[in-house]
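One file, upload.txt, carrying compact mmCIF, C-alpha atoms:
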```txt
# COMPACT_ATOMS: atom_id res chain seq x y z
CA MET A 1 162.80 257.43 180.04
CA ARG A 2 165.65 254.97 179.63
CA ARG A 3 166.10 255.04 175.87
CA HIS A 4 166.48 258.33 174.02
CA PRO A 5 166.63 260.43 177.21
CA GLU A 6 167.23 263.45 174.95
CA ARG A 7 163.61 263.13 173.83
CA GLY A 8 162.22 263.62 177.34
CA HIS A 9 160.76 266.99 178.24
CA TYR A 10 159.09 267.92 181.45
CA ASP A 11 158.58 271.68 181.65
CA PHE A 12 154.97 272.71 181.86
CA ASP A 13 154.95 275.05 178.85
CA THR A 14 156.11 272.20 176.61
CA LEU A 15 153.38 269.91 177.97
CA ALA A 16 150.75 272.61 177.65
CA ALA A 17 151.61 273.41 174.03
CA ILE A 18 151.24 269.75 173.00
CA ILE A 19 147.98 269.34 174.90
CA ASP A 20 146.59 272.56 173.41
CA THR A 21 147.53 271.59 169.85
CA ALA A 22 145.93 268.14 170.03
CA TRP A 23 142.18 267.66 169.60
CA VAL A 24 141.93 264.16 171.03
CA CYS A 25 143.43 262.31 173.97
CA HIS A 26 143.23 258.63 174.87
CA VAL A 27 142.04 257.93 178.42
CA SER A 28 143.09 254.53 179.79
CA PHE A 29 141.79 252.88 182.94
CA THR A 30 141.07 249.45 184.36
CA LEU A 31 137.50 248.34 184.97
CA ASP A 32 136.70 244.88 186.35
CA GLY A 33 140.25 243.80 185.59
CA VAL A 34 140.15 244.86 181.93
CA VAL A 35 142.20 247.75 180.52
CA HIS A 36 140.12 250.14 178.45
CA ALA A 37 141.13 253.14 176.38
CA ILE A 38 138.72 255.76 175.17
CA PRO A 39 139.60 258.39 172.58
CA THR A 40 137.88 261.65 173.51
CA ALA A 41 138.16 265.37 172.89
CA HIS A 42 140.02 267.35 175.53
CA TRP A 43 141.02 270.87 176.39
CA ARG A 44 143.16 272.56 179.02
CA MET A 45 142.58 275.36 181.50
CA GLY A 46 145.54 276.22 183.71
CA GLU A 47 147.09 273.11 185.17
CA TYR A 48 144.14 270.84 184.37
CA LEU A 49 143.15 268.75 181.39
CA TYR A 50 139.37 268.57 180.87
CA ILE A 51 137.09 266.06 179.20
CA HIS A 52 133.32 265.80 179.12
CA GLY A 53 130.50 263.54 178.10
CA ALA A 54 126.99 262.40 178.77
CA ARG A 55 125.99 262.41 182.44
CA ALA A 56 124.86 258.79 182.09
CA SER A 57 128.26 257.61 180.84
CA ARG A 58 129.57 254.61 182.79
CA MET A 59 133.09 255.48 181.68
CA LEU A 60 133.01 258.99 183.16
CA LYS A 61 131.57 257.65 186.42
CA ALA A 62 134.25 254.96 186.61
CA LEU A 63 137.06 257.43 185.93
CA THR A 64 136.57 259.36 189.17
CA GLU A 65 136.92 256.12 191.14
CA ARG A 66 140.33 254.93 189.92
CA GLU A 67 143.64 256.08 188.50
CA ALA A 68 143.80 256.89 184.81
CA CYS A 69 146.47 257.42 182.21
CA VAL A 70 146.01 260.02 179.48
CA SER A 71 148.00 259.72 176.27
CA ILE A 72 148.30 262.31 173.48
CA ALA A 73 150.37 262.16 170.30
CA LEU A 74 150.94 264.57 167.43
CA VAL A 75 152.64 263.29 164.28
CA ASP A 76 154.99 265.89 162.80
CA GLY A 77 156.72 264.00 160.03
CA LEU A 78 158.08 260.80 158.55
CA VAL A 79 161.85 260.38 158.81
CA LEU A 80 163.12 258.40 155.82
CA ALA A 81 166.60 256.99 156.36
CA ARG A 82 168.87 254.85 154.15
CA SER A 83 168.07 251.73 156.19
CA ALA A 84 164.72 250.46 157.43
CA PHE A 85 166.13 250.36 160.95
CA HIS A 86 166.82 254.10 161.07
CA HIS A 87 163.43 255.17 159.77
CA SER A 88 161.63 257.17 162.41
CA MET A 89 158.82 259.60 163.02
CA ASN A 90 158.89 263.17 164.22
CA PHE A 91 156.28 263.50 166.95
CA ARG A 92 155.28 265.25 170.16
CA SER A 93 153.56 263.18 172.84
CA VAL A 94 152.34 263.58 176.40
CA VAL A 95 151.47 260.91 178.94
CA ALA A 96 149.77 262.00 182.18
CA TYR A 97 148.75 260.00 185.24
CA GLY A 98 146.21 260.72 187.93
CA ARG A 99 142.61 260.62 189.00
CA PHE A 100 139.89 262.67 187.31
CA GLU A 101 137.57 264.74 189.45
CA THR A 102 134.10 265.97 188.59
CA VAL A 103 133.52 269.66 187.89
CA ASP A 104 130.34 270.31 189.85
CA ASP A 105 130.39 274.08 190.26
CA THR A 106 128.27 275.72 187.56
CA ALA A 107 130.45 278.82 187.17
CA HIS A 108 133.54 276.63 186.82
CA PHE A 109 131.71 274.37 184.35
CA LEU A 110 130.73 277.32 182.16
CA GLU A 111 134.16 278.96 182.34
CA SER A 112 135.78 275.72 181.27
CA LEU A 113 133.26 275.08 178.48
CA GLU A 114 134.03 278.58 177.20
CA ALA A 115 137.73 277.67 177.17
CA PHE A 116 136.87 274.57 175.11
CA ILE A 117 134.80 276.55 172.59
CA ASP A 118 137.57 279.14 172.36
CA LYS A 119 140.02 276.33 171.54
CA VAL A 120 137.68 275.19 168.75
CA ALA A 121 137.09 278.70 167.41
CA PRO A 122 138.47 281.77 169.24
CA GLY A 123 135.79 284.25 170.25
CA ARG A 124 132.88 281.96 169.35
CA TRP A 125 131.43 281.51 172.84
CA ALA A 126 129.72 284.92 172.98
CA ALA A 127 127.95 284.30 169.67
CA LEU A 128 126.37 280.98 170.69
CA ARG A 129 122.93 280.26 172.01
CA PRO A 130 123.53 280.21 175.79
CA VAL A 131 123.81 276.88 177.61
CA SER A 132 120.52 275.73 179.12
CA ASP A 133 120.00 274.20 182.55
CA LYS A 134 118.90 270.97 180.87
CA GLU A 135 122.15 270.79 178.93
CA LEU A 136 124.14 271.46 182.09
CA ARG A 137 122.34 268.63 183.85
CA ALA A 138 122.92 266.22 180.94
CA THR A 139 126.67 266.78 180.82
CA THR A 140 129.45 265.56 183.07
CA MET A 141 132.75 267.42 183.00
CA LEU A 142 135.90 265.91 184.48
CA ARG A 143 139.35 267.34 185.02
CA LEU A 144 142.78 265.88 185.71
CA ARG A 145 145.52 267.90 187.37
CA LEU A 146 148.70 267.70 185.28
CA ASP A 147 150.98 266.88 188.20
CA GLU A 148 152.42 263.63 186.95
CA ALA A 149 152.95 264.18 183.25
CA SER A 150 155.80 264.09 180.81
CA ALA A 151 156.36 264.92 177.17
CA LYS A 152 158.46 263.23 174.56
CA ILE A 153 159.58 264.92 171.37
CA ARG A 154 161.45 263.73 168.31
CA SER A 155 162.31 266.42 165.77
CA GLY A 156 164.92 267.17 163.16
CA GLY A 157 166.44 265.12 160.39
CA VAL A 158 167.66 261.64 159.59
CA LYS A 159 170.14 259.89 161.87
CA ASP A 160 171.78 257.22 159.74
CA ALA A 161 174.85 255.15 160.47
CA PRO A 162 177.97 256.85 159.03
CA GLU A 163 178.69 253.93 156.71
CA ASP A 164 175.21 254.24 155.13
CA LEU A 165 175.41 257.91 154.13
CA ASP A 166 176.37 257.25 150.52
CA TRP A 167 173.61 254.70 149.93
CA PRO A 168 171.83 255.79 146.71
CA VAL A 169 168.37 256.48 148.12
CA TRP A 170 166.57 259.72 148.99
CA ALA A 171 166.98 260.58 152.66
CA GLY A 172 165.02 263.26 154.44
CA VAL A 173 161.85 264.18 156.28
CA LEU A 174 158.31 264.41 154.97
CA PRO A 175 156.62 266.94 157.27
CA LEU A 176 153.05 266.12 158.33
CA ALA A 177 150.58 268.44 160.04
CA LEU A 178 146.86 268.58 160.64
CA ALA A 179 145.54 271.16 158.20
CA ALA A 180 142.14 272.82 157.91
CA GLY A 181 140.25 272.47 154.66
CA THR A 182 137.55 274.74 153.25
CA PRO A 183 134.78 275.32 155.80
CA VAL A 184 131.49 273.58 154.87
CA THR A 185 128.60 275.91 155.75
CA GLU A 186 125.28 274.33 156.78
CA ALA A 187 122.52 275.00 154.25
CA ASP A 188 120.41 276.71 156.95
CA SER A 189 123.25 278.69 158.57
CA GLN A 190 122.16 282.26 159.29
CA VAL A 191 125.70 283.48 158.65
CA ALA A 192 127.23 282.65 155.27
CA ASP A 193 130.96 283.00 155.83
CA TYR A 194 133.17 281.14 158.30
CA PRO A 195 134.14 283.85 160.80
CA HIS A 196 137.07 282.15 162.57
CA PRO A 197 140.20 282.47 160.41
CA ALA A 198 143.12 280.37 161.67
CA MET B 199 128.07 251.11 172.37
CA ARG B 200 125.09 252.43 174.28
CA ARG B 201 125.10 256.07 173.21
CA HIS B 202 125.18 256.95 169.50
CA PRO B 203 124.85 253.33 168.36
CA GLU B 204 124.72 254.70 164.79
CA ARG B 205 128.40 255.55 165.17
CA GLY B 206 129.46 251.94 165.80
CA HIS B 207 131.09 250.02 162.96
CA TYR B 208 132.49 246.55 163.13
CA ASP B 209 133.27 245.31 159.63
CA PHE B 210 136.92 244.54 159.06
CA ASP B 211 137.43 246.76 156.01
CA THR B 212 136.30 249.79 158.02
CA LEU B 213 138.67 248.91 160.86
CA ALA B 214 141.53 248.26 158.47
CA ALA B 215 141.13 251.56 156.64
CA ILE B 216 141.31 253.53 159.90
CA ILE B 217 144.31 251.57 161.15
CA ASP B 218 146.11 252.01 157.82
CA THR B 219 145.47 255.76 157.71
CA ALA B 220 146.75 256.42 161.23
CA TRP B 221 150.48 256.63 161.96
CA VAL B 222 150.29 256.23 165.71
CA CYS B 223 148.34 254.04 168.11
CA HIS B 224 148.14 254.17 171.90
CA VAL B 225 148.89 250.86 173.64
CA SER B 226 147.43 250.57 177.16
CA PHE B 227 148.27 247.91 179.70
CA THR B 228 148.56 247.42 183.44
CA LEU B 229 151.95 246.86 185.06
CA ASP B 230 152.32 246.43 188.83
CA GLY B 231 148.80 247.76 189.27
CA VAL B 232 149.37 250.96 187.30
CA VAL B 233 147.71 251.67 183.95
CA HIS B 234 150.17 252.84 181.31
CA ALA B 235 149.62 254.06 177.78
CA ILE B 236 152.36 254.30 175.20
CA PRO B 237 151.96 256.13 171.91
CA THR B 238 153.83 254.22 169.22
CA ALA B 239 153.93 253.82 165.46
CA HIS B 240 151.97 250.89 164.07
CA TRP B 241 151.16 249.18 160.82
CA ARG B 242 148.91 246.36 159.68
CA MET B 243 149.44 243.18 157.72
CA GLY B 244 146.35 241.07 157.15
CA GLU B 245 144.39 240.63 160.37
CA TYR B 246 147.22 241.78 162.64
CA LEU B 247 148.35 245.14 163.96
CA TYR B 248 152.13 245.39 164.39
CA ILE B 249 154.38 247.50 166.60
CA HIS B 250 158.10 247.35 167.22
CA GLY B 251 160.81 248.73 169.42
CA ALA B 252 164.14 248.11 171.06
CA ARG B 253 164.73 244.52 172.12
CA ALA B 254 165.61 245.73 175.63
CA SER B 255 162.27 247.53 176.08
CA ARG B 256 160.55 246.62 179.33
CA MET B 257 157.25 247.72 177.82
CA LEU B 258 157.44 245.32 174.87
CA LYS B 259 158.41 242.45 177.17
CA ALA B 260 155.53 243.21 179.52
CA LEU B 261 153.02 243.41 176.66
CA THR B 262 153.32 239.74 175.74
CA GLU B 263 152.49 238.77 179.31
CA ARG B 264 149.15 240.54 179.78
CA GLU B 265 146.12 241.86 177.95
CA ALA B 266 146.41 245.18 176.16
CA CYS B 267 144.07 247.74 174.68
CA VAL B 268 145.01 249.60 171.50
CA SER B 269 143.36 252.91 170.72
CA ILE B 270 143.57 254.89 167.48
CA ALA B 271 141.84 258.14 166.55
CA LEU B 272 141.77 260.28 163.42
CA VAL B 273 140.32 263.78 163.63
CA ASP B 274 138.36 264.68 160.49
CA GLY B 275 136.77 267.99 161.39
CA LEU B 276 135.32 270.41 163.90
CA VAL B 277 131.53 270.57 163.98
CA LEU B 278 130.42 274.08 164.94
CA ALA B 279 126.81 274.23 166.08
CA ARG B 280 124.61 277.12 167.30
CA SER B 281 124.96 275.97 170.92
CA ALA B 282 128.06 274.85 172.82
CA PHE B 283 126.26 271.63 173.71
CA HIS B 284 125.88 270.53 170.08
CA HIS B 285 129.45 271.21 169.07
CA SER B 286 131.11 267.99 168.03
CA MET B 287 134.02 266.50 166.16
CA ASN B 288 134.12 264.36 163.06
CA PHE B 289 136.43 261.45 163.76
CA ARG B 290 137.23 257.82 163.04
CA SER B 291 138.48 255.70 165.90
CA VAL B 292 139.37 252.07 166.61
CA VAL B 293 139.74 250.30 169.93
CA ALA B 294 141.17 246.77 169.93
CA TYR B 295 141.69 244.30 172.78
CA GLY B 296 144.00 241.33 173.06
CA ARG B 297 147.44 240.04 173.84
CA PHE B 298 150.46 240.88 171.71
CA GLU B 299 152.71 238.06 170.55
CA THR B 300 156.34 238.29 169.50
CA VAL B 301 157.28 237.89 165.84
CA ASP B 302 160.29 235.56 166.07
CA ASP B 303 160.48 234.17 162.57
CA THR B 304 163.00 236.13 160.50
CA ALA B 305 161.13 235.81 157.21
CA HIS B 306 157.93 237.00 158.88
CA PHE B 307 159.82 239.84 160.57
CA LEU B 308 161.26 241.05 157.27
CA GLU B 309 157.99 240.71 155.39
CA SER B 310 156.23 242.76 158.04
CA LEU B 311 158.95 245.40 158.17
CA GLU B 312 158.62 245.72 154.40
CA ALA B 313 154.88 246.30 154.86
CA PHE B 314 155.70 249.07 157.37
CA ILE B 315 158.19 250.76 155.03
CA ASP B 316 155.68 250.50 152.20
CA LYS B 317 153.10 252.25 154.41
CA VAL B 318 155.61 255.06 155.01
CA ALA B 319 156.61 255.32 151.35
CA PRO B 320 155.32 252.84 148.77
CA GLY B 321 158.05 250.97 146.94
CA ARG B 322 160.84 252.22 149.19
CA TRP B 323 161.88 248.88 150.69
CA ALA B 324 163.84 247.67 147.64
CA ALA B 325 165.89 250.88 147.55
CA LEU B 326 167.08 250.68 151.17
CA ARG B 327 170.32 249.33 152.57
CA PRO B 328 169.29 245.77 153.56
CA VAL B 329 168.56 244.98 157.20
CA SER B 330 171.59 243.57 159.05
CA ASP B 331 171.61 240.68 161.48
CA LYS B 332 172.63 243.08 164.23
CA GLU B 333 169.59 245.26 163.56
CA LEU B 334 167.34 242.21 163.56
CA ARG B 335 168.71 241.16 166.93
CA ALA B 336 168.26 244.64 168.40
CA THR B 337 164.58 244.91 167.44
CA THR B 338 161.49 243.32 168.91
CA MET B 339 158.38 243.14 166.76
CA LEU B 340 154.98 242.38 168.27
CA ARG B 341 151.62 241.76 166.68
CA LEU B 342 148.03 241.77 167.91
CA ARG B 343 145.31 239.84 166.10
CA LEU B 344 142.37 242.16 165.41
CA ASP B 345 139.72 239.76 166.74
CA GLU B 346 138.17 241.96 169.37
CA ALA B 347 138.08 245.39 167.79
CA SER B 348 135.50 247.98 166.92
CA ALA B 349 135.41 251.28 165.11
CA LYS B 350 133.46 254.41 165.82
CA ILE B 351 132.83 257.09 163.21
CA ARG B 352 131.18 260.51 163.33
CA SER B 353 130.83 262.26 160.00
CA GLY B 354 128.58 264.78 158.30
CA GLY B 355 127.19 268.10 159.35
CA VAL B 356 125.80 269.93 162.36
CA LYS B 357 122.96 268.42 164.40
CA ASP B 358 121.34 271.33 166.20
CA ALA B 359 118.06 271.46 168.07
CA PRO B 360 115.25 272.61 165.72
CA GLU B 361 114.55 275.71 167.84
CA ASP B 362 118.18 276.86 167.46
CA LEU B 363 118.39 276.82 163.67
CA ASP B 364 117.76 280.54 163.23
CA TRP B 365 120.36 281.58 165.81
CA PRO B 366 122.56 284.22 164.11
CA VAL B 367 125.89 282.41 164.18
CA TRP B 368 127.85 280.54 161.51
CA ALA B 369 127.12 276.82 161.60
CA GLY B 370 129.07 274.21 159.71
CA VAL B 371 132.10 271.95 159.66
CA LEU B 372 135.78 272.86 159.46
CA PRO B 373 137.41 269.81 157.84
CA LEU B 374 140.76 268.74 159.28
CA ALA B 375 143.20 266.27 157.79
CA LEU B 376 146.84 265.34 158.20
CA ALA B 377 148.61 266.87 155.20
CA ALA B 378 152.14 266.43 153.90
CA GLY B 379 154.35 269.49 153.57
CA THR B 380 157.35 270.00 151.30
CA PRO B 381 159.88 267.17 151.74
CA VAL B 382 163.09 268.26 153.49
CA THR B 383 166.06 266.56 151.80
CA GLU B 384 169.11 265.75 153.94
CA ALA B 385 172.18 267.77 152.91
CA ASP B 386 174.11 264.55 152.22
CA SER B 387 171.28 262.67 150.48
CA GLN B 388 172.58 260.91 147.36
CA VAL B 389 169.22 261.48 145.65
CA ALA B 390 168.01 265.06 145.36
CA ASP B 391 164.28 264.72 144.79
CA TYR B 392 161.68 263.04 147.01
CA PRO B 393 160.65 260.00 144.97
CA HIS B 394 157.44 258.99 146.77
CA PRO B 395 154.57 261.21 145.55
CA ALA B 396 151.40 260.85 147.62
```
Serialized structure, structure tokens:
Amino acid sequence: MRRHPERGHYDFDTLAAIIDTAWVCHVSFTLDGVVHAIPTAHWRMGEYLYIHGARASRMLKALTEREACVSIALVDGLVLARSAFHHSMNFRSVVAYGRFETVDDTAHFLESLEAFIDKVAPGRWAALRPVSDKELRATTMLRLRLDEASAKIRSGGVKDAPEDLDWPVWAGVLPLALAAGTPVTEADSQVADYPHPA
Amino acid sequence: MRRHPERGHYDFDTLAAIIDTAWVCHVSFTLDGVVHAIPTAHWRMGEYLYIHGARASRMLKALTEREACVSIALVDGLVLARSAFHHSMNFRSVVAYGRFETVDDTAHFLESLEAFIDKVAPGRWAALRPVSDKELRATTMLRLRLDEASAKIRSGGVKDAPEDLDWPVWAGVLPLALAAGTPVTEADSQVADYPHPA
């Protein structure tokens, strides 16, 4: 964190809030000398970040055998300055390092899956068709302890050079945020109305 | 692309549209045996993906000396099925491999920076205070040719098991998209109204 040290944040609550807001992380690792990155859904329970996938996945198998880097970014706005050089982006990001471990315990697996479903739609877990043994066997869940992680945040307005402030161009921030649209109900859904208001 | 081969897409227009829609990519690389991933803004011009940063950046220097992996993901919706197992996400992602090269030519640098500003706000470049030599010298621009890149897309509705279709829970998709809020004008902006309608 050599440039913009004011953008570095390390307290756990800040990390957790970014991780919980994001739907997708990017998991990087080296396999046979090649760096790979895989975008995948994630969730958090306590001090761990979780991902999951098909039991047969080579990527998930490989991840437990080497160090990984997890990267998350949320875009919060475009910062439009008077000069191209001072244009910027408001964002919140997290980068975490470590080795994933497999979640083998069934009770732990189900508790964590419930946390994931509750992130997607609070309270939904109890209404779902219960997880079958076959589904359990087909799924691998991994978790990474958030020991070595840091956050970076840029927020606020334009930072132009003093001599540029009277340049005749609009200066300001265009806020950006992931927004939910109108729920699209399946034709054969047994319940007509989306029951999970934001 | 062994699982869900129907989600694999390789034509350039598909790749380009995802890259152009996203504001941030994740650049992964190995340095001294450790995998790193850096979220950073990107843009595209022709068959190249561009990033930039401070000239003094160790990361940018290192990138031209080794292979990198660039990962981009856009979240398009939450897919809520009758079982936890069939929950999914609608998304568009790109993963690209290769080595970044430095953009040293000043005309190329300026043309590409204009393309970036035009991505942020079409037509804005001509209204800005021109780039100074000092700014040029302080900035490193890198580009990656999109030769080895692929896209993955999941779209559409819920795919539940036939025996679950009458389970009494709402099933459908909650669309998600990055949306612009109300522009926030700087107090000392010489132009009062945001001039770049979406």
Where does chain B meet chain A within 6 Å, residue by residue, with the nearest atom pair and distance in Å to one decimal for each, counting only C-alpha atoms, listed by chain and rising number, as CSV?
```
residue,atom,partner,partner_atom,distance
B:His234,CA,A:Cys69,CA,6.0
B:Cys267,CA,A:His36,CA,6.0
B:Arg280,CA,A:Leu128,CA,5.4
B:Ser281,CA,A:Arg129,CA,4.9
B:Leu326,CA,A:Ser83,CA,5.2
B:Arg327,CA,A:Ser83,CA,4.9
B:Pro366,CA,A:Gln190,CA,5.2
B:Val367,CA,A:Val191,CA,5.6
B:Trp368,CA,A:Val191,CA,4.6
B:Ala369,CA,A:Ser189,CA,5.3
B:Gly370,CA,A:Thr185,CA,4.3
B:Val371,CA,A:Val184,CA,5.1
B:Leu372,CA,A:Pro183,CA,4.5
B:Pro373,CA,A:Gly181,CA,5.0
B:Leu374,CA,A:Ala180,CA,4.5
B:Ala375,CA,A:Leu178,CA,5.2
B:Leu376,CA,A:Leu178,CA,4.1
B:Ala377,CA,A:Ala177,CA,5.5
B:Ala378,CA,A:Leu176,CA,4.5
B:Gly379,CA,A:Pro175,CA,5.0
B:Pro381,CA,A:Leu174,CA,4.5
B:Val382,CA,A:Val173,CA,5.1
B:Thr383,CA,A:Gly172,CA,4.4
B:Glu384,CA,A:Gly172,CA,4.8
B:Ser387,CA,A:Ala171,CA,5.3
B:Gln388,CA,A:Pro168,CA,5.2
B:Val389,CA,A:Trp170,CA,4.6
```
Residues near Leu60 in chain A, anyone? I mean within 10 Å using all atoms listed in the file, not counting same-chain ones fewer than 6 positions away, as an mmCIF file with C-alpha atoms, in the coordinates of the input.
```cif
data_model
loop_
_atom_site.group_PDB
_atom_site.id
_atom_site.type_symbol
_atom_site.label_atom_id
_atom_site.label_comp_id
_atom_site.auth_asym_id
_atom_site.auth_seq_id
_atom_site.Cartn_x
_atom_site.Cartn_y
_atom_site.Cartn_z
ATOM 1 C CA ILE A 51 137.090 266.060 179.200
ATOM 2 C CA HIS A 52 133.320 265.800 179.120
ATOM 3 C CA GLY A 53 130.500 263.540 178.100
ATOM 4 C CA ALA A 54 126.990 262.400 178.770
ATOM 5 C CA PHE A 100 139.890 262.670 187.310
ATOM 6 C CA GLU A 101 137.570 264.740 189.450
ATOM 7 C CA THR A 102 134.100 265.970 188.590
ATOM 8 C CA THR A 140 129.450 265.560 183.070
ATOM 9 C CA MET A 141 132.750 267.420 183.000
ATOM 10 C CA LEU A 142 135.900 265.910 184.480
#
```
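The residue set within 12 Å of Met45 in chain A, counting all atoms listed in the file and dropping same-chain residues fewer than 2 places from it, reads A:Ala16, A:Ala17, A:Ile19, A:Asp20, A:His42, A:Trp43, A:Glu47, A:Tyr48, A:Leu49, A:Tyr50, A:Ile51, A:His108, A:Phe109, A:Glu111, A:Ser112, A:Leu113, A:Glu114, A:Ala115, A:Phe116, A:Ile117, A:Asp118, A:Lys119, A:Leu142, A:Arg143, A:Leu144, A:Arg145, A:Leu146.
In this model, the gap between CA of Ala359 in chain B and CA of Arg44 in chain A comes to 27.4 Å.
Distance-wise, CA of Asp11 in chain A and CA of Asp230 in chain B end up 27.0 Å apart.
Taking CA of Pro122 in chain A and CA of Arg205 in chain B as endpoints, the distance between them is 28.4 Å.
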Please produce range 236-250 of chain B, completed to N, CA, C and O atoms, as an mmCIF file, in the frame of the given file.
```cif
data_model
loop_
_atom_site.group_PDB
_atom_site.id
_atom_site.type_symbol
_atom_site.label_atom_id
_atom_site.label_comp_id
_atom_site.auth_asym_id
_atom_site.auth_seq_id
_atom_site.Cartn_x
_atom_site.Cartn_y
_atom_site.Cartn_z
ATOM 1 N N ILE B 236 151.171 253.936 175.965
ATOM 2 C CA ILE B 236 152.360 254.300 175.200
ATOM 3 C C ILE B 236 151.950 254.632 173.770
ATOM 4 O O ILE B 236 151.398 253.763 173.084
ATOM 5 N N PRO B 237 152.193 255.842 173.327
ATOM 6 C CA PRO B 237 151.960 256.130 171.910
ATOM 7 C C PRO B 237 153.101 255.515 171.101
ATOM 8 O O PRO B 237 154.270 255.673 171.464
ATOM 9 N N THR B 238 152.778 254.836 170.037
ATOM 10 C CA THR B 238 153.830 254.220 169.220
ATOM 11 C C THR B 238 153.349 254.043 167.791
ATOM 12 O O THR B 238 152.143 253.917 167.541
ATOM 13 N N ALA B 239 154.285 254.041 166.868
ATOM 14 C CA ALA B 239 153.930 253.820 165.460
ATOM 15 C C ALA B 239 153.406 252.395 165.286
ATOM 16 O O ALA B 239 153.802 251.486 166.012
ATOM 17 N N HIS B 240 152.520 252.225 164.336
ATOM 18 C CA HIS B 240 151.970 250.890 164.070
ATOM 19 C C HIS B 240 151.780 250.708 162.570
ATOM 20 O O HIS B 240 151.791 251.675 161.808
ATOM 21 N N TRP B 241 151.594 249.483 162.175
ATOM 22 C CA TRP B 241 151.160 249.180 160.820
ATOM 23 C C TRP B 241 150.342 247.905 160.861
ATOM 24 O O TRP B 241 150.186 247.302 161.924
ATOM 25 N N ARG B 242 149.794 247.528 159.731
ATOM 26 C CA ARG B 242 148.910 246.360 159.680
ATOM 27 C C ARG B 242 149.369 245.435 158.567
ATOM 28 O O ARG B 242 149.840 245.891 157.523
ATOM 29 N N MET B 243 149.254 244.149 158.794
ATOM 30 C CA MET B 243 149.440 243.180 157.720
ATOM 31 C C MET B 243 148.367 242.135 157.953
ATOM 32 O O MET B 243 148.339 241.486 159.011
ATOM 33 N N GLY B 244 147.461 242.011 157.002
ATOM 34 C CA GLY B 244 146.350 241.070 157.150
ATOM 35 C C GLY B 244 145.513 241.411 158.370
ATOM 36 O O GLY B 244 145.116 242.560 158.560
ATOM 37 N N GLU B 245 145.274 240.433 159.222
ATOM 38 C CA GLU B 245 144.390 240.630 160.370
ATOM 39 C C GLU B 245 145.140 241.010 161.639
ATOM 40 O O GLU B 245 144.608 240.891 162.742
ATOM 41 N N TYR B 246 146.394 241.447 161.487
ATOM 42 C CA TYR B 246 147.220 241.780 162.640
ATOM 43 C C TYR B 246 147.686 243.232 162.607
ATOM 44 O O TYR B 246 148.030 243.765 161.548
ATOM 45 N N LEU B 247 147.715 243.842 163.766
ATOM 46 C CA LEU B 247 148.350 245.140 163.960
ATOM 47 C C LEU B 247 149.735 244.896 164.547
ATOM 48 O O LEU B 247 149.891 244.111 165.487
ATOM 49 N N TYR B 248 150.739 245.577 163.989
ATOM 50 C CA TYR B 248 152.130 245.390 164.390
ATOM 51 C C TYR B 248 152.694 246.644 165.059
ATOM 52 O O TYR B 248 152.354 247.768 164.660
ATOM 53 N N ILE B 249 153.558 246.427 166.035
ATOM 54 C CA ILE B 249 154.380 247.500 166.600
ATOM 55 C C ILE B 249 155.798 246.953 166.755
ATOM 56 O O ILE B 249 156.014 245.738 166.654
ATOM 57 N N HIS B 250 156.740 247.841 166.995
ATOM 58 C CA HIS B 250 158.100 247.350 167.220
ATOM 59 C C HIS B 250 158.855 248.321 168.101
ATOM 60 O O HIS B 250 158.408 249.438 168.365
#
```
